[in-house]
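Asker: Provided herewith is a single structure, encoded as structure tokens, for subsequent inquiry.
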Amino acid sequence: MTAPFAPGAAIAIAVADGVGAALLADDVSMVVDAADVSTVLADIERAVAPRWIWWSTDTARTLVSTGFRPARCWDLDAVHRLLVGGWRGGPGRIWAQRQGVDTIDLPRTAEPDLFSLPGHDDHTAPVRPDGHLDPAWVEGLWRFDTEHLRTWASLALDVHHWQAAELERLSQRPAAISTARSESAAALLCAELETDGLPIDIAGAERIIASFIGPRPRDAAEEQQFAGERDQLVLEHLPGPPGDLDLRNPATVKSLLRRVGIEVPDTRAWRLERLRDQDPIVDALLTWRRAERIATTFGYRWLDQHVGPDGRLRGQWSASDGAAGRMTATAGLHNMPVELRPAVAAGADHVFVRADLGQIEPRILAAVSSDDALAAATWEDDMYAPVAERLGVTRDIAKVAVLGAMYGQTTGHGAVALRGLESAYPVAMAYLDNAARLAEGGNDLRTRGGRLVRMSSNEQLDESGDAPGRAARSRAAARGRYGRNAMVQGAAAEFFKTWAATVRARVTPIGATIVLCLHDELLVHCHSDDAAAVSSVVTDGLQEAGHRWSVGVAASVRFVADTSVIERWSEAK
DNA sequence: TGCGGCTATTG
DNA sequence: CACAATAGCCGCAG
């Protein structure tokens with residue numbers, strides 16, 4: 001059975017569990033039985049190395065679960081989010097965008113009721129007369145035949161052509177097409193991350209948790225008892241009757257502190273930290289907070305819910321969430337306390353190759369703004385050193401100033417150095433100011449990779465008839481900071497995904513897998529014997545991504561990564 | 001029961 | 001304590 005597709009063809013694929021798959025290129029179509037999906041796709045992959053086109057990452061999840069991991073893809077949902085911004089997607093919205101019809105009030109299917117007969121309805125056409133997709137037709141796909149899947153694939157192919165043409169029209173054209181591909185690859189990677197999970201040493205994790213909150217409680221009553229005992233370690237410092245105080249209530253904590261003569265506007269840890277000497281109860285409270293955090297969020301329940309019997313921590317991954325399109329993950333994969341990192345451990349005979357990008361945001365700023373002077377600073381391993389020298393300030397001040405410029409800070413220690421930045425790096429600073437000014441005025445922005453950052457219909461803060469008062473100015477300033485930062489953070493996210501996609505492609509033949517993406521950090525799990533090879537891939541992949549990033553940029557920017565081979569995540573510096 | 005406020009953690 | 005995110009618990013409104 002030879003695949004009739006042309007080398008490198010764009011092949012739309014629609015799959016349904018138990019039904020099979022329909023494959024469609026411009027001039028070729030094919031239907032595959034459910035049982036043969038993974039083998040047939042693997043054959044085609046080997047023969048013609050196509051780019052697979054699908055409606056949503058759910059297709060990627062289906063393929064990964066059948067054992068087929070495509071090399072290249074185009075995820076209509078991922079590209080849609082790139083084109084129109086935000087996190088919303090789905091076939092109905094994607095199709096409406098392609099048709100140029102209203103996307104505010106999309107048709108929905110009626111709630112299923114006793115009168116609608118499953119498997120038998122009148123919906124025979126996918127597109128309604130008003131141009132919208134018929135949601136009932138789409139939702140019924142899974143129980144239809146391969147002929148319907150073929151229709152679904154042909155619509156995907158149509159949207160793919162349209163999206164590619166739209167990207168061509170953008171002023172960021174070359175970057176946007178390449179971003180569409182890496183965003184798609186990142187979505188596929190998300191499906192793999194969900195399947196593979198992060199290797200965890202369960203016994204080690206339990207020991208760490210126990211060191212904070214004691215042994216695993218046998219039942220709810222014991223859990224409550226242990227919690228009460230932890231509370232007591234704080235309350236016993238109080239003069240007078242302990243009463244029935246709830247340490248989880250900030251207002252209670254504030255009045256509790258008042259009883260020992262401490263007055264604070266809020267009870268955040270960084271504020272209490274400076275008051276440790278004032279009264280022993282402060283230290284007890286901070287220790288209690290730490291334990292409480294482990295108990296509620298990263299305790300035994302977390303372990304039981306998210307770590308499988310195979311010792312893998314699994315969460316849901318999104319390839320582009322939020323304003324800037326960073327990757328996000330649930331199950332604590334992105335905010336695990338450092339104390340728990342020793343429990344992230346490679347399997348037997350395996351290691352992690354860990355790499356994190358150094359000073360990624362200022363380097364990205366140099367690239368997207370084409371600031372020659374700032375780009376020159378990126379030639380150094382520590383780019384804040386030359387910046388500090390040029391500004392005549394310490395390295396720490398220089399760092400705070402650069403970060404402050406990207407975040408939109410206007411007060412504090414960095415404020416003075418900020419003025420120095422404006423004369424030393426006028427191009428980069430003008431780039432940021434321009435983004436902030438546009439965002440303040442409610443104008444949409446696009447990152448270098450072409451992602452739309454919506455400021456016009458932003459749910460952030462809409463006000464009807466607001467007088468130009470303090471509140472309105474404050475909201476405008478907030479929009480400015482939001483937009484200014486999104487241009488840098490968003491481009492950094494795109495760069496990271498380009499890097500991750502490259503590493504994914506190169507590391508797969510070695511038999512290694514990416515098990516964690518953390519904004520500027522990659523964790524690759526591989527056999528110990530392959531550590532050196534994987535390390536090279538990670539480093540070379542960065543050079544490749546950096547080179548691609550510098551195309552069309554006047555200034556040449558250097559990107560750096562710190563790479564190490566470790567057995568536990570905590571071993572990294 | 002849903003939502004805003006507060007708090008914690010991470011990059 | 002600026003930018004982004006997930007997630008828990010509390011009090012309050014409905």
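Each chain in the structure tokens gets a letter, A, B and so on, in the order shown; residues start at 1 in every chain, and ligands are counted from 1 in the order they appear.
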Using only C-alpha atoms (C1' of nucleotides), determine which residues of chain A fall within 8 Å of chain B; present them as JSON, numbers by chain.
Answerer: {"A": [250, 268, 293, 334, 335, 336, 337, 518, 519, 520]}
Asker: Can you list, as a ChimeraX atom specification, every residue of segment 92-172 of chain A that DSSP puts in alpha helix (DSSP H)?
Answerer: /A:92-99,135-139,146-169
Asker: Show me which bits of chain A are within 6 Å of chain C, counting only C-alpha atoms (C1' of nucleotides), as a ChimeraX atom specification.
Answerer: /A:407,409,485
Asker: With N, CA, C and O atoms retained, write the just-selected residues as an mmCIF file, in the first residue's frame.
Answerer:
```cif
data_model
loop_
_atom_site.group_PDB
_atom_site.id
_atom_site.type_symbol
_atom_site.label_atom_id
_atom_site.label_comp_id
_atom_site.auth_asym_id
_atom_site.auth_seq_id
_atom_site.Cartn_x
_atom_site.Cartn_y
_atom_site.Cartn_z
ATOM 1 N N TYR A 407 8.316 46.118 31.977
ATOM 2 C CA TYR A 407 7.088 45.948 32.754
ATOM 3 C C TYR A 407 6.282 47.239 32.845
ATOM 4 O O TYR A 407 5.137 47.222 33.272
ATOM 5 N N GLN A 409 7.371 49.969 34.695
ATOM 6 C CA GLN A 409 7.537 50.572 36.012
ATOM 7 C C GLN A 409 7.936 52.036 35.872
ATOM 8 O O GLN A 409 8.711 52.395 34.998
ATOM 9 N N ASN A 485 4.273 44.980 27.900
ATOM 10 C CA ASN A 485 4.861 43.717 28.318
ATOM 11 C C ASN A 485 4.508 42.567 27.383
ATOM 12 O O ASN A 485 5.317 41.677 27.143
#
```
Asker: Find the spatial neighbours of Asp201 of chain A, counting only C-alpha atoms (C1' of nucleotides), within a cut-off of 6 Å - ignore same-chain residues fewer than 3 positions away - and output them as number ranges by chain.
Answerer: A: 204, 343, 345
Asker: Pick out the residues sitting within 10 Å of segment 294-300 of chain A, and hand them over as number ranges by chain; count only C-alpha atoms (C1' of nucleotides), and ignore anything fewer than 2 positions along from it in its own chain.
Answerer: A: 205-206, 208-210, 212-217, 223, 227, 288-292, 302-305, 331-332, 335-337, 339-340; B: 8-9; C: 7-9
Asker: Within 8 Å of Asp33 of chain A, counting only C-alpha atoms (C1' of nucleotides), which residues qualify if same-chain residues fewer than 4 places away don't, as a list of chain:residue names?
Answerer: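 Within the cut-off, the hits are A:Val19, A:Gly20, A:Ala21, A:Val37.
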Asker: For the selection you just gave me, I'd like the residues written to a file as a short mmCIF file (atom, residue, chain, number, x, y, z; two decimals), in the first residue's frame, keeping all heavy atoms.
Answerer:
```cif
data_model
loop_
_atom_site.label_atom_id
_atom_site.label_comp_id
_atom_site.auth_asym_id
_atom_site.auth_seq_id
_atom_site.Cartn_x
_atom_site.Cartn_y
_atom_site.Cartn_z
N VAL A 19 -14.44 4.84 14.19
CA VAL A 19 -14.87 5.03 12.81
C VAL A 19 -13.68 4.93 11.86
O VAL A 19 -13.71 4.23 10.86
CB VAL A 19 -15.59 6.38 12.62
CG1 VAL A 19 -15.98 6.58 11.16
CG2 VAL A 19 -16.81 6.47 13.53
N GLY A 20 -12.62 5.66 12.21
CA GLY A 20 -11.45 5.66 11.36
C GLY A 20 -11.02 7.08 11.07
O GLY A 20 -11.29 8.00 11.85
N ALA A 21 -10.36 7.25 9.93
CA ALA A 21 -9.84 8.56 9.59
C ALA A 21 -10.03 8.83 8.11
O ALA A 21 -10.05 7.91 7.29
CB ALA A 21 -8.36 8.64 9.95
N VAL A 37 -5.26 3.03 11.68
CA VAL A 37 -4.86 4.43 11.66
C VAL A 37 -3.38 4.65 11.94
O VAL A 37 -2.67 5.28 11.14
CB VAL A 37 -5.72 5.26 12.66
CG1 VAL A 37 -5.14 6.65 12.85
CG2 VAL A 37 -7.15 5.36 12.16
#
```
Asker: Which residues, written as a PDB file with N, CA, C and O atoms, in the first residue's frame, have at least one atom at most 10 Å from Ser456 of chain A, with only C-alpha atoms (C1' of nucleotides) counted and residues fewer than 6 positions away on the same chain left out?
Answerer:
```pdb
ATOM      1  N   ALA A 439      -1.534  50.750  23.234  1.00  0.00           N
ATOM      2  CA  ALA A 439      -2.374  49.946  24.124  1.00  0.00           C
ATOM      3  C   ALA A 439      -3.233  50.829  25.022  1.00  0.00           C
ATOM      4  O   ALA A 439      -4.410  50.550  25.247  1.00  0.00           O
ATOM      5  N   GLU A 440      -2.641  51.912  25.517  1.00  0.00           N
ATOM      6  CA  GLU A 440      -3.406  52.839  26.357  1.00  0.00           C
ATOM      7  C   GLU A 440      -4.631  53.350  25.619  1.00  0.00           C
ATOM      8  O   GLU A 440      -5.705  53.518  26.203  1.00  0.00           O
ATOM      9  N   GLY A 441      -4.445  53.612  24.323  1.00  0.00           N
ATOM     10  CA  GLY A 441      -5.536  54.141  23.514  1.00  0.00           C
ATOM     11  C   GLY A 441      -6.511  53.067  23.042  1.00  0.00           C
ATOM     12  O   GLY A 441      -7.408  53.353  22.254  1.00  0.00           O
ATOM     13  N   GLY A 442      -6.301  51.836  23.504  1.00  0.00           N
ATOM     14  CA  GLY A 442      -7.223  50.773  23.138  1.00  0.00           C
ATOM     15  C   GLY A 442      -6.976  50.194  21.761  1.00  0.00           C
ATOM     16  O   GLY A 442      -7.862  49.560  21.173  1.00  0.00           O
ATOM     17  N   ASN A 443      -5.766  50.385  21.219  1.00  0.00           N
ATOM     18  CA  ASN A 443      -5.438  49.832  19.899  1.00  0.00           C
ATOM     19  C   ASN A 443      -4.831  48.437  20.036  1.00  0.00           C
ATOM     20  O   ASN A 443      -3.992  48.208  20.903  1.00  0.00           O
ATOM     21  N   ASP A 444      -5.239  47.538  19.165  1.00  0.00           N
ATOM     22  CA  ASP A 444      -4.688  46.186  19.167  1.00  0.00           C
ATOM     23  C   ASP A 444      -3.220  46.208  18.749  1.00  0.00           C
ATOM     24  O   ASP A 444      -2.796  47.066  17.978  1.00  0.00           O
ATOM     25  N   LEU A 445      -2.484  45.232  19.250  1.00  0.00           N
ATOM     26  CA  LEU A 445      -1.062  45.108  18.896  1.00  0.00           C
ATOM     27  C   LEU A 445      -0.831  43.738  18.282  1.00  0.00           C
ATOM     28  O   LEU A 445      -1.661  42.837  18.422  1.00  0.00           O
ATOM     29  N   ASP A 462     -13.831  47.521  31.013  1.00  0.00           N
ATOM     30  CA  ASP A 462     -14.628  48.365  30.128  1.00  0.00           C
ATOM     31  C   ASP A 462     -15.451  49.316  30.979  1.00  0.00           C
ATOM     32  O   ASP A 462     -16.105  48.925  31.926  1.00  0.00           O
TER      33      ASP A 462
END
```
Asker: I'd like the neighbourhood of Leu76 of chain A as a ChimeraX atom specification, where a residue qualifies if any of its atoms comes within 7 Å (using only C-alpha atoms (C1' of nucleotides)), though same-chain residues fewer than 5 positions away should be ignored.
Answerer: /A:54-56,160
Asker: Those same residues - all heavy atoms - I'd like them written as a PDB file, in the first residue's frame.
Answerer:
```pdb
ATOM      1  N   TRP A  54      -5.117  19.659  11.147  1.00  0.00           N
ATOM      2  CA  TRP A  54      -6.301  19.239  11.901  1.00  0.00           C
ATOM      3  C   TRP A  54      -6.982  20.431  12.551  1.00  0.00           C
ATOM      4  O   TRP A  54      -6.409  21.490  12.704  1.00  0.00           O
ATOM      5  CB  TRP A  54      -5.947  18.181  12.925  1.00  0.00           C
ATOM      6  CG  TRP A  54      -4.779  18.475  13.824  1.00  0.00           C
ATOM      7  CD1 TRP A  54      -4.677  19.468  14.757  1.00  0.00           C
ATOM      8  CD2 TRP A  54      -3.548  17.736  13.895  1.00  0.00           C
ATOM      9  NE1 TRP A  54      -3.469  19.401  15.400  1.00  0.00           N
ATOM     10  CE2 TRP A  54      -2.763  18.347  14.902  1.00  0.00           C
ATOM     11  CE3 TRP A  54      -3.036  16.617  13.229  1.00  0.00           C
ATOM     12  CZ2 TRP A  54      -1.479  17.874  15.244  1.00  0.00           C
ATOM     13  CZ3 TRP A  54      -1.779  16.159  13.571  1.00  0.00           C
ATOM     14  CH2 TRP A  54      -1.017  16.775  14.560  1.00  0.00           C
ATOM     15  N   TRP A  55      -8.238  20.173  12.917  1.00  0.00           N
ATOM     16  CA  TRP A  55      -9.057  21.237  13.493  1.00  0.00           C
ATOM     17  C   TRP A  55      -8.607  21.657  14.872  1.00  0.00           C
ATOM     18  O   TRP A  55      -8.622  22.832  15.219  1.00  0.00           O
ATOM     19  CB  TRP A  55     -10.529  20.790  13.566  1.00  0.00           C
ATOM     20  CG  TRP A  55     -11.285  20.969  12.287  1.00  0.00           C
ATOM     21  CD1 TRP A  55     -11.539  20.013  11.340  1.00  0.00           C
ATOM     22  CD2 TRP A  55     -11.897  22.173  11.812  1.00  0.00           C
ATOM     23  NE1 TRP A  55     -12.259  20.550  10.314  1.00  0.00           N
ATOM     24  CE2 TRP A  55     -12.502  21.864  10.578  1.00  0.00           C
ATOM     25  CE3 TRP A  55     -11.997  23.465  12.308  1.00  0.00           C
ATOM     26  CZ2 TRP A  55     -13.203  22.814   9.830  1.00  0.00           C
ATOM     27  CZ3 TRP A  55     -12.683  24.418  11.573  1.00  0.00           C
ATOM     28  CH2 TRP A  55     -13.271  24.094  10.337  1.00  0.00           C
ATOM     29  N   SER A  56      -8.269  20.667  15.693  1.00  0.00           N
ATOM     30  CA  SER A  56      -7.940  21.025  17.070  1.00  0.00           C
ATOM     31  C   SER A  56      -6.939  20.055  17.655  1.00  0.00           C
ATOM     32  O   SER A  56      -6.671  18.985  17.104  1.00  0.00           O
ATOM     33  CB  SER A  56      -9.194  21.047  17.941  1.00  0.00           C
ATOM     34  OG  SER A  56      -9.449  19.748  18.432  1.00  0.00           O
ATOM     35  N   HIS A 160      -7.212  25.950   6.223  1.00  0.00           N
ATOM     36  CA  HIS A 160      -5.743  26.025   6.190  1.00  0.00           C
ATOM     37  C   HIS A 160      -5.271  26.985   5.104  1.00  0.00           C
ATOM     38  O   HIS A 160      -4.428  27.846   5.339  1.00  0.00           O
ATOM     39  CB  HIS A 160      -5.150  24.631   5.954  1.00  0.00           C
ATOM     40  CG  HIS A 160      -3.685  24.647   5.634  1.00  0.00           C
ATOM     41  ND1 HIS A 160      -3.180  24.201   4.432  1.00  0.00           N
ATOM     42  CD2 HIS A 160      -2.631  25.080   6.343  1.00  0.00           C
ATOM     43  CE1 HIS A 160      -1.862  24.357   4.426  1.00  0.00           C
ATOM     44  NE2 HIS A 160      -1.504  24.880   5.578  1.00  0.00           N
TER      45      HIS A 160
END
```
Asker: What parts of segment 330-388 of chain A does DSSP call strand (DSSP E)? I'd like the answer as a PDB file with all heavy atoms, in the first residue's frame.
Answerer:
```
ATOM      1  N   HIS A 350      18.097   6.586  33.315  1.00  0.00           N
ATOM      2  CA  HIS A 350      17.749   7.791  32.568  1.00  0.00           C
ATOM      3  C   HIS A 350      18.270   9.044  33.278  1.00  0.00           C
ATOM      4  O   HIS A 350      18.605   8.999  34.468  1.00  0.00           O
ATOM      5  CB  HIS A 350      16.238   7.901  32.394  1.00  0.00           C
ATOM      6  CG  HIS A 350      15.701   7.025  31.295  1.00  0.00           C
ATOM      7  ND1 HIS A 350      15.784   5.653  31.334  1.00  0.00           N
ATOM      8  CD2 HIS A 350      15.085   7.333  30.128  1.00  0.00           C
ATOM      9  CE1 HIS A 350      15.249   5.147  30.238  1.00  0.00           C
ATOM     10  NE2 HIS A 350      14.811   6.143  29.483  1.00  0.00           N
ATOM     11  N   VAL A 351      18.318  10.118  32.541  1.00  0.00           N
ATOM     12  CA  VAL A 351      18.686  11.417  33.117  1.00  0.00           C
ATOM     13  C   VAL A 351      17.804  12.498  32.500  1.00  0.00           C
ATOM     14  O   VAL A 351      17.085  12.248  31.527  1.00  0.00           O
ATOM     15  CB  VAL A 351      20.170  11.777  32.824  1.00  0.00           C
ATOM     16  CG1 VAL A 351      21.121  10.875  33.589  1.00  0.00           C
ATOM     17  CG2 VAL A 351      20.445  11.743  31.329  1.00  0.00           C
ATOM     18  N   PHE A 352      17.857  13.657  33.113  1.00  0.00           N
ATOM     19  CA  PHE A 352      17.249  14.840  32.502  1.00  0.00           C
ATOM     20  C   PHE A 352      18.340  15.668  31.856  1.00  0.00           C
ATOM     21  O   PHE A 352      19.414  15.856  32.442  1.00  0.00           O
ATOM     22  CB  PHE A 352      16.574  15.729  33.556  1.00  0.00           C
ATOM     23  CG  PHE A 352      15.378  15.126  34.223  1.00  0.00           C
ATOM     24  CD1 PHE A 352      15.301  15.054  35.615  1.00  0.00           C
ATOM     25  CD2 PHE A 352      14.290  14.671  33.482  1.00  0.00           C
ATOM     26  CE1 PHE A 352      14.190  14.521  36.247  1.00  0.00           C
ATOM     27  CE2 PHE A 352      13.172  14.137  34.111  1.00  0.00           C
ATOM     28  CZ  PHE A 352      13.121  14.065  35.493  1.00  0.00           C
ATOM     29  N   VAL A 353      18.063  16.158  30.665  1.00  0.00           N
ATOM     30  CA  VAL A 353      18.874  17.245  30.134  1.00  0.00           C
ATOM     31  C   VAL A 353      18.037  18.501  30.324  1.00  0.00           C
ATOM     32  O   VAL A 353      16.946  18.620  29.771  1.00  0.00           O
ATOM     33  CB  VAL A 353      19.222  17.044  28.649  1.00  0.00           C
ATOM     34  CG1 VAL A 353      19.923  18.282  28.099  1.00  0.00           C
ATOM     35  CG2 VAL A 353      20.080  15.811  28.487  1.00  0.00           C
ATOM     36  N   ARG A 354      18.543  19.378  31.173  1.00  0.00           N
ATOM     37  CA  ARG A 354      17.807  20.585  31.504  1.00  0.00           C
ATOM     38  C   ARG A 354      18.506  21.783  30.881  1.00  0.00           C
ATOM     39  O   ARG A 354      19.730  21.898  30.921  1.00  0.00           O
ATOM     40  CB  ARG A 354      17.757  20.752  33.018  1.00  0.00           C
ATOM     41  CG  ARG A 354      17.135  22.051  33.463  1.00  0.00           C
ATOM     42  CD  ARG A 354      17.605  22.393  34.872  1.00  0.00           C
ATOM     43  NE  ARG A 354      17.254  23.749  35.219  1.00  0.00           N
ATOM     44  CZ  ARG A 354      17.995  24.802  34.942  1.00  0.00           C
ATOM     45  NH1 ARG A 354      19.136  24.658  34.313  1.00  0.00           N
ATOM     46  NH2 ARG A 354      17.593  26.002  35.297  1.00  0.00           N
ATOM     47  N   ALA A 355      17.718  22.660  30.308  1.00  0.00           N
ATOM     48  CA  ALA A 355      18.309  23.864  29.715  1.00  0.00           C
ATOM     49  C   ALA A 355      17.376  25.039  29.932  1.00  0.00           C
ATOM     50  O   ALA A 355      16.162  24.899  29.768  1.00  0.00           O
ATOM     51  CB  ALA A 355      18.542  23.655  28.220  1.00  0.00           C
ATOM     52  N   ASP A 356      17.948  26.158  30.343  1.00  0.00           N
ATOM     53  CA  ASP A 356      17.106  27.352  30.440  1.00  0.00           C
ATOM     54  C   ASP A 356      17.756  28.517  29.725  1.00  0.00           C
ATOM     55  O   ASP A 356      18.981  28.672  29.709  1.00  0.00           O
ATOM     56  CB  ASP A 356      16.772  27.687  31.891  1.00  0.00           C
ATOM     57  CG  ASP A 356      17.919  28.338  32.617  1.00  0.00           C
ATOM     58  OD1 ASP A 356      19.007  27.726  32.602  1.00  0.00           O
ATOM     59  OD2 ASP A 356      17.753  29.436  33.163  1.00  0.00           O
ATOM     60  N   LEU A 357      16.912  29.317  29.096  1.00  0.00           N
ATOM     61  CA  LEU A 357      17.386  30.461  28.345  1.00  0.00           C
ATOM     62  C   LEU A 357      17.841  31.546  29.316  1.00  0.00           C
ATOM     63  O   LEU A 357      17.191  31.805  30.322  1.00  0.00           O
ATOM     64  CB  LEU A 357      16.270  31.009  27.457  1.00  0.00           C
ATOM     65  CG  LEU A 357      15.692  30.024  26.436  1.00  0.00           C
ATOM     66  CD1 LEU A 357      14.446  30.601  25.777  1.00  0.00           C
ATOM     67  CD2 LEU A 357      16.736  29.683  25.390  1.00  0.00           C
TER      68      LEU A 357
END
```
Asker: In Å, with one decimal, what is the gap from atom CA of Gly408 of chain A to atom CA of Arg481 of chain A?
Answerer: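 Taking atom CA of Gly408 of chain A and atom CA of Arg481 of chain A, their separation equals 4.9 Å.
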